[in-house]
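The data block below is target_28.txt; it holds compact mmCIF, C-alpha atoms.
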```txt
# COMPACT_ATOMS: atom_id res chain seq x y z
CA MET A 1 62.06 -10.42 35.45
CA GLU A 2 61.48 -10.48 31.73
CA ILE A 3 59.11 -12.70 29.80
CA TYR A 4 60.22 -13.20 26.21
CA GLU A 5 57.90 -13.96 23.29
CA ILE A 6 58.33 -15.82 20.03
CA GLU A 7 55.74 -15.24 17.31
CA ILE A 8 54.78 -18.29 15.29
CA LYS A 9 52.66 -18.04 12.14
CA THR A 10 51.21 -21.43 11.30
CA SER A 11 50.03 -22.23 7.79
CA GLU A 12 48.16 -25.55 8.10
CA ARG A 13 45.35 -26.87 10.31
CA GLU A 14 47.84 -29.30 11.83
CA GLU A 15 51.53 -28.63 11.75
CA ILE A 16 54.66 -29.39 13.75
CA ILE A 17 57.21 -26.55 13.63
CA ASP A 18 60.84 -26.75 14.79
CA ILE A 19 61.49 -23.75 17.07
CA THR A 20 64.82 -24.89 18.57
CA ASN A 21 66.85 -22.10 16.94
CA ASP A 22 64.33 -19.41 17.95
CA VAL A 23 64.53 -20.53 21.58
CA GLN A 24 68.34 -20.71 21.48
CA GLU A 25 68.46 -17.12 20.14
CA ILE A 26 66.35 -15.87 23.05
CA ILE A 27 68.70 -17.61 25.51
CA LEU A 28 71.70 -15.82 23.95
CA LYS A 29 69.82 -12.51 23.97
CA SER A 30 69.01 -12.88 27.69
CA GLY A 31 72.67 -13.05 28.66
CA ILE A 32 71.91 -15.84 31.14
CA LYS A 33 74.64 -18.47 31.23
CA ASN A 34 73.37 -21.28 33.46
CA GLY A 35 69.90 -22.26 34.60
CA PHE A 36 66.80 -23.41 32.81
CA CYS A 37 63.96 -22.03 30.71
CA ILE A 38 60.21 -22.49 30.84
CA LEU A 39 58.48 -22.57 27.45
CA PHE A 40 54.74 -21.92 27.71
CA VAL A 41 52.01 -22.00 25.06
CA PRO A 42 49.23 -19.48 25.94
CA HIS A 43 46.68 -21.21 23.68
CA THR A 44 44.22 -24.09 24.09
CA THR A 45 44.51 -25.73 20.65
CA ALA A 46 48.30 -25.91 20.32
CA GLY A 47 51.03 -27.55 22.38
CA ILE A 48 54.78 -27.81 22.77
CA THR A 49 56.91 -30.93 22.74
CA ILE A 50 60.30 -32.42 22.07
CA ASN A 51 60.87 -34.74 19.17
CA GLU A 52 63.35 -36.16 16.68
CA ASN A 53 65.08 -33.51 14.56
CA ALA A 54 66.61 -35.80 11.93
CA ASP A 55 64.01 -37.43 9.66
CA PRO A 56 61.16 -35.02 8.71
CA SER A 57 58.81 -37.97 8.18
CA VAL A 58 58.58 -38.38 11.98
CA LYS A 59 56.48 -35.19 12.12
CA LYS A 60 54.08 -36.57 9.51
CA ASP A 61 53.78 -39.87 11.36
CA ILE A 62 53.08 -38.12 14.69
CA LEU A 63 50.29 -35.99 13.18
CA LYS A 64 48.83 -39.09 11.51
CA ILE A 65 48.99 -41.17 14.71
CA PHE A 66 47.33 -38.39 16.75
CA ASP A 67 44.67 -37.85 14.09
CA LYS A 68 43.82 -41.55 14.11
CA LEU A 69 43.52 -41.45 17.92
CA ILE A 70 41.45 -38.26 18.04
CA PRO A 71 39.83 -37.48 14.67
CA TYR A 72 39.18 -33.80 13.93
CA PHE A 73 35.59 -34.50 12.98
CA GLY A 74 33.65 -36.39 15.62
CA ASP A 75 30.52 -36.39 17.74
CA TYR A 76 31.57 -33.34 19.77
CA GLN A 77 29.25 -30.91 21.63
CA HIS A 78 31.58 -27.90 21.61
CA ILE A 79 30.10 -25.28 19.29
CA GLU A 80 33.40 -24.33 17.73
CA GLY A 81 33.82 -27.97 16.66
CA ASN A 82 37.52 -28.08 17.55
CA SER A 83 37.38 -30.35 20.61
CA ALA A 84 39.85 -32.74 19.00
CA ALA A 85 42.40 -29.91 18.89
CA HIS A 86 41.84 -29.24 22.60
CA ALA A 87 42.33 -32.94 23.43
CA LYS A 88 45.50 -33.21 21.33
CA SER A 89 46.91 -30.13 23.06
CA ILE A 90 46.25 -31.68 26.49
CA ILE A 91 48.09 -34.91 25.65
CA THR A 92 50.97 -32.92 24.09
CA GLY A 93 51.24 -30.45 26.96
CA PHE A 94 51.43 -26.66 27.24
CA SER A 95 54.92 -26.26 28.67
CA GLN A 96 58.42 -27.66 28.41
CA LEU A 97 61.42 -27.20 30.69
CA ILE A 98 64.89 -27.13 29.19
CA MET A 99 68.15 -26.79 31.13
CA ILE A 100 70.76 -24.23 30.04
CA LYS A 101 74.52 -24.64 30.41
CA ASN A 102 77.10 -22.16 29.08
CA LYS A 103 74.32 -20.31 27.22
CA ASN A 104 73.24 -23.49 25.40
CA LEU A 105 70.02 -25.45 25.62
CA ILE A 106 70.77 -28.94 26.90
CA LEU A 107 69.07 -31.28 24.48
CA GLY A 108 69.79 -34.88 23.50
CA THR A 109 71.59 -35.50 20.19
CA TRP A 110 68.37 -36.16 18.31
CA GLN A 111 66.11 -33.74 20.17
CA GLY A 112 64.54 -30.58 18.80
CA ILE A 113 61.83 -28.36 20.35
CA TYR A 114 58.55 -28.35 18.45
CA PHE A 115 55.45 -26.17 18.44
CA ASN A 116 52.42 -28.32 17.59
CA GLU A 117 49.56 -26.52 15.86
CA TYR A 118 46.28 -28.46 16.04
CA ASP A 119 43.77 -25.84 14.83
CA GLY A 120 45.51 -23.50 12.41
CA PRO A 121 46.36 -21.60 10.45
CA ARG A 122 46.73 -18.97 13.18
CA ASN A 123 49.11 -16.40 14.60
CA ARG A 124 50.53 -18.00 17.75
CA LYS A 125 52.86 -16.99 20.56
CA LEU A 126 55.27 -18.85 22.78
CA LEU A 127 56.21 -17.33 26.16
CA ILE A 128 59.70 -17.91 27.54
CA GLN A 129 60.93 -17.34 31.07
CA ILE A 130 64.64 -17.86 31.77
CA ILE A 131 65.77 -18.71 35.28
CA ASN A 132 69.36 -17.92 36.22
CA ILE A 133 70.86 -20.30 38.76
CA GLU A 134 74.49 -19.20 38.48
CA ASN A 135 76.24 -19.01 41.85
CA LYS A 136 73.25 -20.25 43.70
CA ASN A 137 73.50 -24.01 43.91
CA MET B 138 75.41 -25.23 38.73
CA GLU B 139 75.69 -28.97 38.44
CA ILE B 140 73.70 -31.28 36.22
CA TYR B 141 73.51 -34.80 37.58
CA GLU B 142 73.07 -37.95 35.49
CA ILE B 143 71.52 -41.33 36.14
CA GLU B 144 72.39 -44.17 33.77
CA ILE B 145 69.56 -46.54 32.95
CA LYS B 146 70.13 -49.80 31.09
CA THR B 147 66.86 -51.06 29.68
CA SER B 148 66.40 -54.71 28.74
CA GLU B 149 63.11 -54.85 26.82
CA ARG B 150 61.65 -52.99 23.84
CA GLU B 151 59.04 -51.52 26.17
CA GLU B 152 59.65 -51.27 29.87
CA ILE B 153 58.64 -49.11 32.84
CA ILE B 154 61.44 -48.77 35.41
CA ASP B 155 61.08 -47.37 38.94
CA ILE B 156 63.83 -44.78 39.45
CA THR B 157 62.51 -43.14 42.63
CA ASN B 158 65.39 -44.34 44.81
CA ASP B 159 68.03 -43.28 42.25
CA VAL B 160 66.58 -39.76 42.16
CA GLN B 161 66.34 -39.60 45.97
CA GLU B 162 70.03 -40.58 46.23
CA ILE B 163 71.05 -37.73 43.91
CA ILE B 164 69.04 -35.28 46.05
CA LEU B 165 70.93 -36.44 49.19
CA LYS B 166 74.26 -36.26 47.34
CA SER B 167 73.55 -32.66 46.22
CA GLY B 168 73.24 -31.44 49.81
CA ILE B 169 70.25 -29.29 48.84
CA LYS B 170 67.55 -29.23 51.52
CA ASN B 171 64.59 -27.37 50.04
CA GLY B 172 63.56 -26.59 46.49
CA PHE B 173 62.65 -28.71 43.53
CA CYS B 174 64.25 -30.88 40.89
CA ILE B 175 63.85 -31.08 37.14
CA LEU B 176 64.11 -34.58 35.67
CA PHE B 177 64.80 -34.55 31.92
CA VAL B 178 65.02 -37.40 29.40
CA PRO B 179 67.48 -36.49 26.58
CA HIS B 180 66.02 -39.09 24.19
CA THR B 181 63.15 -39.13 21.68
CA THR B 182 61.84 -42.67 22.22
CA ALA B 183 61.61 -42.74 26.02
CA GLY B 184 59.74 -40.66 28.58
CA ILE B 185 59.41 -40.01 32.28
CA THR B 186 56.26 -40.18 34.36
CA ILE B 187 54.77 -40.72 37.79
CA ASN B 188 52.71 -43.79 38.55
CA GLU B 189 51.48 -46.19 41.20
CA ASN B 190 54.29 -47.89 43.11
CA ALA B 191 52.23 -50.60 44.81
CA ASP B 192 50.87 -53.21 42.38
CA PRO B 193 53.41 -54.15 39.62
CA SER B 194 50.55 -55.12 37.29
CA VAL B 195 49.79 -51.41 36.78
CA LYS B 196 53.00 -51.13 34.71
CA LYS B 197 51.90 -54.02 32.49
CA ASP B 198 48.45 -52.52 32.03
CA ILE B 199 49.90 -49.12 31.10
CA LEU B 200 52.21 -50.61 28.44
CA LYS B 201 49.31 -52.67 27.07
CA ILE B 202 46.93 -49.68 26.98
CA PHE B 203 49.53 -47.51 25.21
CA ASP B 204 50.36 -50.31 22.76
CA LYS B 205 46.70 -50.70 21.88
CA LEU B 206 46.44 -46.93 21.29
CA ILE B 207 49.64 -46.66 19.26
CA PRO B 208 50.75 -50.06 17.89
CA TYR B 209 54.50 -50.51 17.34
CA PHE B 210 53.96 -51.79 13.82
CA GLY B 211 51.87 -49.50 11.65
CA ASP B 212 51.71 -47.61 8.40
CA TYR B 213 54.57 -45.23 9.31
CA GLN B 214 56.85 -43.34 6.89
CA HIS B 215 59.82 -42.89 9.26
CA ILE B 216 62.65 -45.07 7.96
CA GLU B 217 63.70 -46.28 11.39
CA GLY B 218 60.17 -47.66 11.84
CA ASN B 219 59.88 -46.51 15.46
CA SER B 220 57.36 -43.68 15.06
CA ALA B 221 55.07 -45.34 17.63
CA ALA B 222 57.87 -44.97 20.21
CA HIS B 223 58.20 -41.25 19.38
CA ALA B 224 54.43 -40.75 19.76
CA LYS B 225 54.29 -42.62 23.09
CA SER B 226 57.18 -40.51 24.39
CA ILE B 227 55.35 -37.31 23.46
CA ILE B 228 52.16 -38.30 25.32
CA THR B 229 54.23 -39.45 28.33
CA GLY B 230 56.43 -36.36 28.43
CA PHE B 231 60.18 -35.70 28.61
CA SER B 232 60.39 -33.97 31.99
CA GLN B 233 58.94 -34.11 35.49
CA LEU B 234 59.16 -31.59 38.29
CA ILE B 235 59.30 -32.81 41.88
CA MET B 236 59.39 -30.60 44.98
CA ILE B 237 62.00 -31.24 47.69
CA LYS B 238 61.47 -30.63 51.42
CA ASN B 239 64.03 -31.51 54.09
CA LYS B 240 66.09 -33.40 51.50
CA ASN B 241 63.12 -35.58 50.52
CA LEU B 242 61.21 -35.79 47.26
CA ILE B 243 57.60 -34.80 47.89
CA LEU B 244 55.51 -37.56 46.35
CA GLY B 245 52.01 -38.80 47.11
CA THR B 246 51.68 -42.02 49.16
CA TRP B 247 51.25 -44.19 46.07
CA GLN B 248 53.52 -42.27 43.71
CA GLY B 249 56.83 -43.47 42.28
CA ILE B 250 58.94 -41.92 39.49
CA TYR B 251 59.19 -44.05 36.36
CA PHE B 252 61.42 -44.09 33.28
CA ASN B 253 59.40 -45.36 30.32
CA GLU B 254 61.41 -47.13 27.61
CA TYR B 255 59.51 -47.36 24.31
CA ASP B 256 62.27 -48.51 21.92
CA GLY B 257 64.80 -50.58 23.87
CA PRO B 258 66.84 -52.29 24.88
CA ARG B 259 69.21 -49.29 25.07
CA ASN B 260 71.60 -47.47 27.37
CA ARG B 261 69.70 -44.40 28.52
CA LYS B 262 70.40 -41.34 30.64
CA LEU B 263 68.30 -39.12 32.86
CA LEU B 264 69.48 -35.54 33.55
CA ILE B 265 68.72 -33.96 36.92
CA GLN B 266 68.95 -30.32 37.89
CA ILE B 267 68.28 -29.38 41.52
CA ILE B 268 67.11 -25.90 42.37
CA ASN B 269 67.75 -24.63 45.88
CA ILE B 270 65.12 -22.21 47.16
CA GLU B 271 66.21 -22.11 50.79
CA ASN B 272 66.06 -18.59 52.28
CA LYS B 273 64.68 -17.13 49.12
CA ASN B 274 60.92 -17.22 49.37
CA MET C 275 60.13 -22.36 51.64
CA GLU C 276 56.42 -22.97 51.91
CA ILE C 277 54.36 -25.55 50.07
CA TYR C 278 50.72 -24.54 49.74
CA GLU C 279 47.80 -26.95 49.43
CA ILE C 280 44.41 -26.73 47.81
CA GLU C 281 41.79 -29.29 48.82
CA ILE C 282 39.54 -30.55 46.04
CA LYS C 283 36.46 -32.65 46.72
CA THR C 284 35.39 -34.43 43.56
CA SER C 285 31.84 -35.72 43.13
CA GLU C 286 31.94 -37.90 40.01
CA ARG C 287 34.09 -40.78 38.78
CA GLU C 288 35.38 -38.53 36.02
CA GLU C 289 35.28 -34.79 36.35
CA ILE C 290 37.18 -31.72 35.15
CA ILE C 291 37.23 -28.91 37.74
CA ASP C 292 38.31 -25.31 37.13
CA ILE C 293 40.78 -24.36 39.86
CA THR C 294 42.16 -21.14 38.30
CA ASN C 295 40.71 -18.88 41.01
CA ASP C 296 41.96 -21.13 43.84
CA VAL C 297 45.49 -20.98 42.43
CA GLN C 298 45.30 -17.20 41.91
CA GLU C 299 44.24 -16.77 45.56
CA ILE C 300 47.27 -18.72 46.78
CA ILE C 301 49.54 -16.51 44.64
CA LEU C 302 48.08 -13.38 46.26
CA LYS C 303 48.37 -14.93 49.74
CA SER C 304 52.06 -15.76 49.13
CA GLY C 305 52.95 -12.12 48.57
CA ILE C 306 55.23 -13.10 45.67
CA LYS C 307 55.08 -10.63 42.79
CA ASN C 308 57.12 -12.14 39.95
CA GLY C 309 58.26 -15.66 39.20
CA PHE C 310 56.42 -18.89 38.51
CA CYS C 311 54.48 -21.59 40.30
CA ILE C 312 54.64 -25.36 40.18
CA LEU C 313 51.29 -27.13 40.53
CA PHE C 314 51.66 -30.79 41.48
CA VAL C 315 49.05 -33.54 41.87
CA PRO C 316 50.18 -36.07 44.55
CA HIS C 317 47.83 -38.79 43.25
CA THR C 318 48.07 -41.50 40.58
CA THR C 319 44.51 -41.40 39.21
CA ALA C 320 44.10 -37.65 38.68
CA GLY C 321 45.98 -35.06 36.65
CA ILE C 322 46.27 -31.35 36.03
CA THR C 323 45.96 -29.53 32.74
CA ILE C 324 45.15 -26.29 30.99
CA ASN C 325 42.08 -25.97 28.84
CA GLU C 326 39.44 -23.66 27.41
CA ASN C 327 37.52 -21.72 30.03
CA ALA C 328 34.70 -20.44 27.83
CA ASP C 329 32.36 -23.20 26.63
CA PRO C 330 31.62 -25.82 29.34
CA SER C 331 30.92 -28.45 26.66
CA VAL C 332 34.69 -28.68 25.99
CA LYS C 333 35.10 -30.46 29.35
CA LYS C 334 32.43 -33.01 28.40
CA ASP C 335 34.04 -33.60 25.00
CA ILE C 336 37.48 -34.09 26.57
CA LEU C 337 36.19 -36.70 29.04
CA LYS C 338 34.33 -38.45 26.23
CA ILE C 339 37.35 -38.45 23.91
CA PHE C 340 39.62 -39.82 26.66
CA ASP C 341 37.06 -42.45 27.65
CA LYS C 342 36.81 -43.64 24.06
CA LEU C 343 40.63 -43.88 23.89
CA ILE C 344 41.02 -45.64 27.23
CA PRO C 345 37.75 -47.23 28.42
CA TYR C 346 37.29 -47.53 32.20
CA PHE C 347 36.35 -51.19 31.91
CA GLY C 348 38.86 -53.29 30.01
CA ASP C 349 41.04 -56.36 30.13
CA TYR C 350 43.28 -55.00 32.92
CA GLN C 351 45.35 -57.06 35.38
CA HIS C 352 45.53 -54.45 38.17
CA ILE C 353 43.44 -55.74 41.08
CA GLU C 354 41.89 -52.36 41.84
CA GLY C 355 40.55 -52.31 38.27
CA ASN C 356 41.36 -48.63 37.73
CA SER C 357 44.25 -48.93 35.27
CA ALA C 358 42.41 -46.72 32.79
CA ALA C 359 42.48 -43.92 35.38
CA HIS C 360 46.25 -44.37 35.81
CA ALA C 361 46.79 -44.23 32.03
CA LYS C 362 44.61 -41.10 31.62
CA SER C 363 46.55 -39.40 34.43
CA ILE C 364 49.85 -40.15 32.68
CA ILE C 365 48.75 -38.65 29.37
CA THR C 366 47.29 -35.60 31.19
CA GLY C 367 50.33 -35.07 33.41
CA PHE C 368 50.89 -34.53 37.12
CA SER C 369 52.29 -31.00 37.09
CA GLN C 370 51.87 -27.66 35.38
CA LEU C 371 54.12 -24.62 35.41
CA ILE C 372 52.57 -21.16 35.27
CA MET C 373 54.48 -17.87 35.14
CA ILE C 374 53.53 -15.04 37.53
CA LYS C 375 53.81 -11.33 36.73
CA ASN C 376 52.61 -8.55 39.07
CA LYS C 377 50.95 -11.16 41.31
CA ASN C 378 48.92 -12.55 38.40
CA LEU C 379 49.05 -15.93 36.72
CA ILE C 380 50.05 -15.51 33.10
CA LEU C 381 47.48 -17.44 31.11
CA GLY C 382 46.23 -17.07 27.55
CA THR C 383 42.86 -15.36 27.03
CA TRP C 384 40.99 -18.66 26.81
CA GLN C 385 43.06 -20.66 29.28
CA GLY C 386 41.96 -21.94 32.67
CA ILE C 387 43.72 -24.41 35.00
CA TYR C 388 41.89 -27.69 35.46
CA PHE C 389 42.09 -30.58 37.92
CA ASN C 390 41.12 -33.80 36.12
CA GLU C 391 39.59 -36.51 38.32
CA TYR C 392 39.69 -39.95 36.68
CA ASP C 393 38.72 -42.22 39.60
CA GLY C 394 36.44 -40.31 41.96
CA PRO C 395 34.62 -39.29 43.90
CA ARG C 396 37.53 -38.65 46.26
CA ASN C 397 39.10 -36.02 48.49
CA ARG C 398 42.08 -34.72 46.54
CA LYS C 399 44.93 -32.29 47.11
CA LEU C 400 46.96 -30.02 44.87
CA LEU C 401 50.43 -28.91 46.02
CA ILE C 402 51.72 -25.48 45.02
CA GLN C 403 55.26 -24.16 45.21
CA ILE C 404 55.85 -20.51 44.28
CA ILE C 405 59.27 -19.44 43.07
CA ASN C 406 60.18 -15.78 43.45
CA ILE C 407 62.51 -14.48 40.76
CA GLU C 408 62.27 -10.78 41.57
CA ASN C 409 65.63 -8.99 41.31
CA LYS C 410 67.42 -12.07 40.18
CA ASN C 411 67.32 -12.11 36.42
```
Could you show the structure in this file as structure tokens?
Amino acid sequence: MEIYEIEIKTSEREEIIDITNDVQEIILKSGIKNGFCILFVPHTTAGITINENADPSVKKDILKIFDKLIPYFGDYQHIEGNSAAHAKSIITGFSQLIMIKNKNLILGTWQGIYFNEYDGPRNRKLLIQIINIENKN
Amino acid sequence: MEIYEIEIKTSEREEIIDITNDVQEIILKSGIKNGFCILFVPHTTAGITINENADPSVKKDILKIFDKLIPYFGDYQHIEGNSAAHAKSIITGFSQLIMIKNKNLILGTWQGIYFNEYDGPRNRKLLIQIINIENKN
Amino acid sequence: MEIYEIEIKTSEREEIIDITNDVQEIILKSGIKNGFCILFVPHTTAGITINENADPSVKKDILKIFDKLIPYFGDYQHIEGNSAAHAKSIITGFSQLIMIKNKNLILGTWQGIYFNEYDGPRNRKLLIQIINIENKN
């Protein structure tokens, strides 16, 4: 069993980064044809989601909507002061599951996979586990 | 490996639809006895969740709570104007995992599986992958 | 195929409980070395998430942030009056996926696994399914 890693260097405090191609490359590299992959963020102030890949202004709107809901600066007890980033990560989620067919990620027409940075800039990692279900079901 | 599909025709802009029986039927059709299933929404303005299946007013309250948090009409840049629907989908999530035992979905007493439409009415799909773990663990 | 259970007795209406060690114990008990586990909450007013395990004030901030977003008392139709708890569970999520390597949960340095009670105190359960992928990929 191999666990793959993608390194992600973020450059803003809050940033949504399209990682669809990076994940697809790992799938090809693994040689696995059919199954699914687990994408896992090993951090507490970043998350992973799926979102529209067409109009880049969607990313800006999402960050703005989330910032209005949970402002970065607030009456928080946590000494590091980044409780908003923790809360945003929780509502975004730390893992995504994507099916694989014929070595391709199965995504909807408008879907891309996004890494959401909520407390950058930082050097981040994404862990990927690929489960082969060829000839099993 | 087979990927199953459920077609869902939504009739409102925002709507929560109980799909528990549709998913259970697919499980029976697959012939798989023990394992788990991945439910995946291949859209960017709809999500999938688990919720109370008893009092129908819970669905109304959920839509109202989410609409208060993220109003449909707002100061959004996205040209399609449906950024609120994208944000609601992200906080709801695009996949659910449900265990299967003796050909039955394992759900809590009050749990049902729900497809959440946030930008309908539309013709939607749900993808289902069923993983057999009989005789493996 | 075995489905493991952890019993969780909550003592407050809203409470975030670290269950990382309980999950790790089940992994060891299962004898499975490599793969992943599915953690599933069979309730509709509690969720499961991943969060910082260092400063306990993060938990307080998270509950406060979520309570500000979705107040417990509101103009809800649901006769039980706990619609806020349902909504918080949905945005938190009902399942988490954690990879396992050499009998250990793969978590980031600051990550712990948390059970989020939103309508306690109650006797709760967490279901755990462990998928062995040794010698398969």
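All of the residues in chain B within 6 Å of chain C are Asn188, Glu189, Ser194, Val195, Asp198, Ile199, Ile228, Thr229, Leu244, Gly245 and Asn274 of chain B, where only C-alpha atoms were counted.
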So what do you get for atom CA of Cys37 of chain A versus atom CA of Cys174 of chain B, distance-wise? 13.5 Å
The coordinates of chain A, once least-squares superposed on chain B over all sequentially paired C-alpha atoms, should be supplied as a short mmCIF file (atom, residue, chain, number, x, y, z; two decimals) with C-alpha atoms, in the frame of the given file.
```
data_model
loop_
_atom_site.label_atom_id
_atom_site.label_comp_id
_atom_site.auth_asym_id
_atom_site.auth_seq_id
_atom_site.Cartn_x
_atom_site.Cartn_y
_atom_site.Cartn_z
CA MET A 1 75.41 -25.24 38.74
CA GLU A 2 75.70 -28.98 38.45
CA ILE A 3 73.71 -31.28 36.21
CA TYR A 4 73.52 -34.81 37.58
CA GLU A 5 73.08 -37.95 35.49
CA ILE A 6 71.52 -41.33 36.15
CA GLU A 7 72.39 -44.17 33.78
CA ILE A 8 69.56 -46.54 32.95
CA LYS A 9 70.13 -49.80 31.08
CA THR A 10 66.86 -51.06 29.66
CA SER A 11 66.41 -54.71 28.74
CA GLU A 12 63.10 -54.85 26.82
CA ARG A 13 61.63 -52.99 23.84
CA GLU A 14 59.03 -51.52 26.18
CA GLU A 15 59.64 -51.26 29.87
CA ILE A 16 58.65 -49.11 32.83
CA ILE A 17 61.44 -48.77 35.41
CA ASP A 18 61.07 -47.36 38.94
CA ILE A 19 63.84 -44.77 39.44
CA THR A 20 62.51 -43.14 42.64
CA ASN A 21 65.40 -44.34 44.81
CA ASP A 22 68.03 -43.28 42.25
CA VAL A 23 66.58 -39.77 42.16
CA GLN A 24 66.34 -39.59 45.97
CA GLU A 25 70.04 -40.58 46.23
CA ILE A 26 71.05 -37.73 43.91
CA ILE A 27 69.05 -35.28 46.05
CA LEU A 28 70.92 -36.43 49.18
CA LYS A 29 74.25 -36.25 47.33
CA SER A 30 73.55 -32.65 46.24
CA GLY A 31 73.23 -31.43 49.81
CA ILE A 32 70.24 -29.28 48.84
CA LYS A 33 67.57 -29.23 51.52
CA ASN A 34 64.58 -27.38 50.06
CA GLY A 35 63.56 -26.60 46.50
CA PHE A 36 62.64 -28.71 43.54
CA CYS A 37 64.25 -30.88 40.88
CA ILE A 38 63.85 -31.08 37.13
CA LEU A 39 64.11 -34.58 35.66
CA PHE A 40 64.80 -34.55 31.92
CA VAL A 41 65.01 -37.39 29.40
CA PRO A 42 67.49 -36.49 26.58
CA HIS A 43 66.01 -39.09 24.20
CA THR A 44 63.15 -39.13 21.68
CA THR A 45 61.83 -42.68 22.22
CA ALA A 46 61.62 -42.74 26.02
CA GLY A 47 59.75 -40.64 28.57
CA ILE A 48 59.39 -40.00 32.28
CA THR A 49 56.25 -40.16 34.37
CA ILE A 50 54.77 -40.70 37.79
CA ASN A 51 52.72 -43.76 38.55
CA GLU A 52 51.49 -46.17 41.20
CA ASN A 53 54.29 -47.90 43.12
CA ALA A 54 52.23 -50.61 44.82
CA ASP A 55 50.86 -53.21 42.38
CA PRO A 56 53.39 -54.15 39.64
CA SER A 57 50.55 -55.12 37.31
CA VAL A 58 49.79 -51.41 36.78
CA LYS A 59 52.99 -51.13 34.71
CA LYS A 60 51.90 -54.03 32.50
CA ASP A 61 48.45 -52.52 32.03
CA ILE A 62 49.90 -49.11 31.09
CA LEU A 63 52.20 -50.62 28.45
CA LYS A 64 49.30 -52.67 27.09
CA ILE A 65 46.93 -49.68 26.98
CA PHE A 66 49.54 -47.52 25.20
CA ASP A 67 50.37 -50.31 22.76
CA LYS A 68 46.70 -50.70 21.87
CA LEU A 69 46.45 -46.93 21.28
CA ILE A 70 49.65 -46.67 19.24
CA PRO A 71 50.76 -50.06 17.89
CA TYR A 72 54.51 -50.51 17.34
CA PHE A 73 53.96 -51.78 13.82
CA GLY A 74 51.87 -49.48 11.67
CA ASP A 75 51.73 -47.62 8.39
CA TYR A 76 54.56 -45.24 9.31
CA GLN A 77 56.85 -43.34 6.88
CA HIS A 78 59.81 -42.90 9.23
CA ILE A 79 62.65 -45.07 7.96
CA GLU A 80 63.69 -46.29 11.38
CA GLY A 81 60.15 -47.66 11.84
CA ASN A 82 59.90 -46.50 15.46
CA SER A 83 57.36 -43.69 15.07
CA ALA A 84 55.08 -45.32 17.63
CA ALA A 85 57.87 -44.98 20.21
CA HIS A 86 58.20 -41.27 19.37
CA ALA A 87 54.43 -40.76 19.76
CA LYS A 88 54.30 -42.63 23.08
CA SER A 89 57.19 -40.52 24.38
CA ILE A 90 55.34 -37.31 23.45
CA ILE A 91 52.17 -38.30 25.31
CA THR A 92 54.24 -39.45 28.32
CA GLY A 93 56.43 -36.35 28.40
CA PHE A 94 60.18 -35.70 28.61
CA SER A 95 60.39 -33.98 31.98
CA GLN A 96 58.96 -34.11 35.47
CA LEU A 97 59.15 -31.58 38.30
CA ILE A 98 59.30 -32.80 41.87
CA MET A 99 59.40 -30.59 44.98
CA ILE A 100 62.01 -31.24 47.69
CA LYS A 101 61.50 -30.63 51.40
CA ASN A 102 64.05 -31.52 54.10
CA LYS A 103 66.11 -33.41 51.49
CA ASN A 104 63.13 -35.59 50.52
CA LEU A 105 61.21 -35.80 47.28
CA ILE A 106 57.61 -34.80 47.89
CA LEU A 107 55.53 -37.55 46.36
CA GLY A 108 52.02 -38.80 47.11
CA THR A 109 51.68 -42.01 49.15
CA TRP A 110 51.25 -44.18 46.08
CA GLN A 111 53.53 -42.28 43.71
CA GLY A 112 56.83 -43.46 42.28
CA ILE A 113 58.94 -41.92 39.48
CA TYR A 114 59.18 -44.05 36.36
CA PHE A 115 61.41 -44.09 33.29
CA ASN A 116 59.40 -45.36 30.31
CA GLU A 117 61.40 -47.13 27.61
CA TYR A 118 59.51 -47.38 24.31
CA ASP A 119 62.27 -48.52 21.93
CA GLY A 120 64.79 -50.58 23.87
CA PRO A 121 66.85 -52.28 24.89
CA ARG A 122 69.21 -49.30 25.07
CA ASN A 123 71.60 -47.47 27.36
CA ARG A 124 69.69 -44.39 28.52
CA LYS A 125 70.40 -41.33 30.64
CA LEU A 126 68.30 -39.11 32.85
CA LEU A 127 69.49 -35.55 33.55
CA ILE A 128 68.72 -33.97 36.92
CA GLN A 129 68.94 -30.32 37.88
CA ILE A 130 68.30 -29.39 41.52
CA ILE A 131 67.11 -25.90 42.37
CA ASN A 132 67.74 -24.62 45.88
CA ILE A 133 65.11 -22.21 47.16
CA GLU A 134 66.17 -22.11 50.81
CA ASN A 135 66.02 -18.62 52.30
CA LYS A 136 64.67 -17.12 49.16
CA ASN A 137 60.90 -17.24 49.36
#
```
Rounded to one decimal, what separation in Å do you get between atom CA of Asp292 of chain C and atom CA of Ile280 of chain C?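 Taking atom CA of Asp292 of chain C as the start and atom CA of Ile280 of chain C as the end point, the length is 12.4 Å.
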Box time for segment 317-324 of chain C: axis-aligned, enclosing all its listed atoms, 3 Å extra on each side; report centre and edge lengths in Å to one decimal, as AutoDock Vina command-line options.
```
--center_x 46.1 --center_y -33.9 --center_z 37.1 --size_x 10.0 --size_y 21.2 --size_z 18.3
```
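Nearest-residue note for Tyr141 of chain B: choosing from B:Leu263, B:Asn158, B:Glu271, B:Ile187, the minimum distance belongs to B:Leu263, counting all atoms listed in the file.
Nearest to Lys338 of chain C of all the residues C:Ile290, C:Ile387, C:Met373, C:Ala320 is C:Ile290, counting only C-alpha atoms.
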To one decimal place in Å, what is the distance between atom CA of Tyr118 of chain A and atom CA of Phe347 of chain C?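 Spanning atom CA of Tyr118 of chain A to atom CA of Phe347 of chain C is a straight-line distance of 29.4 Å.
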Which one is closest to Ile163 of chain B: B:Asn241, B:Ser148, B:Asn260, B:Thr246? Count all atoms listed in the file. B:Asn241
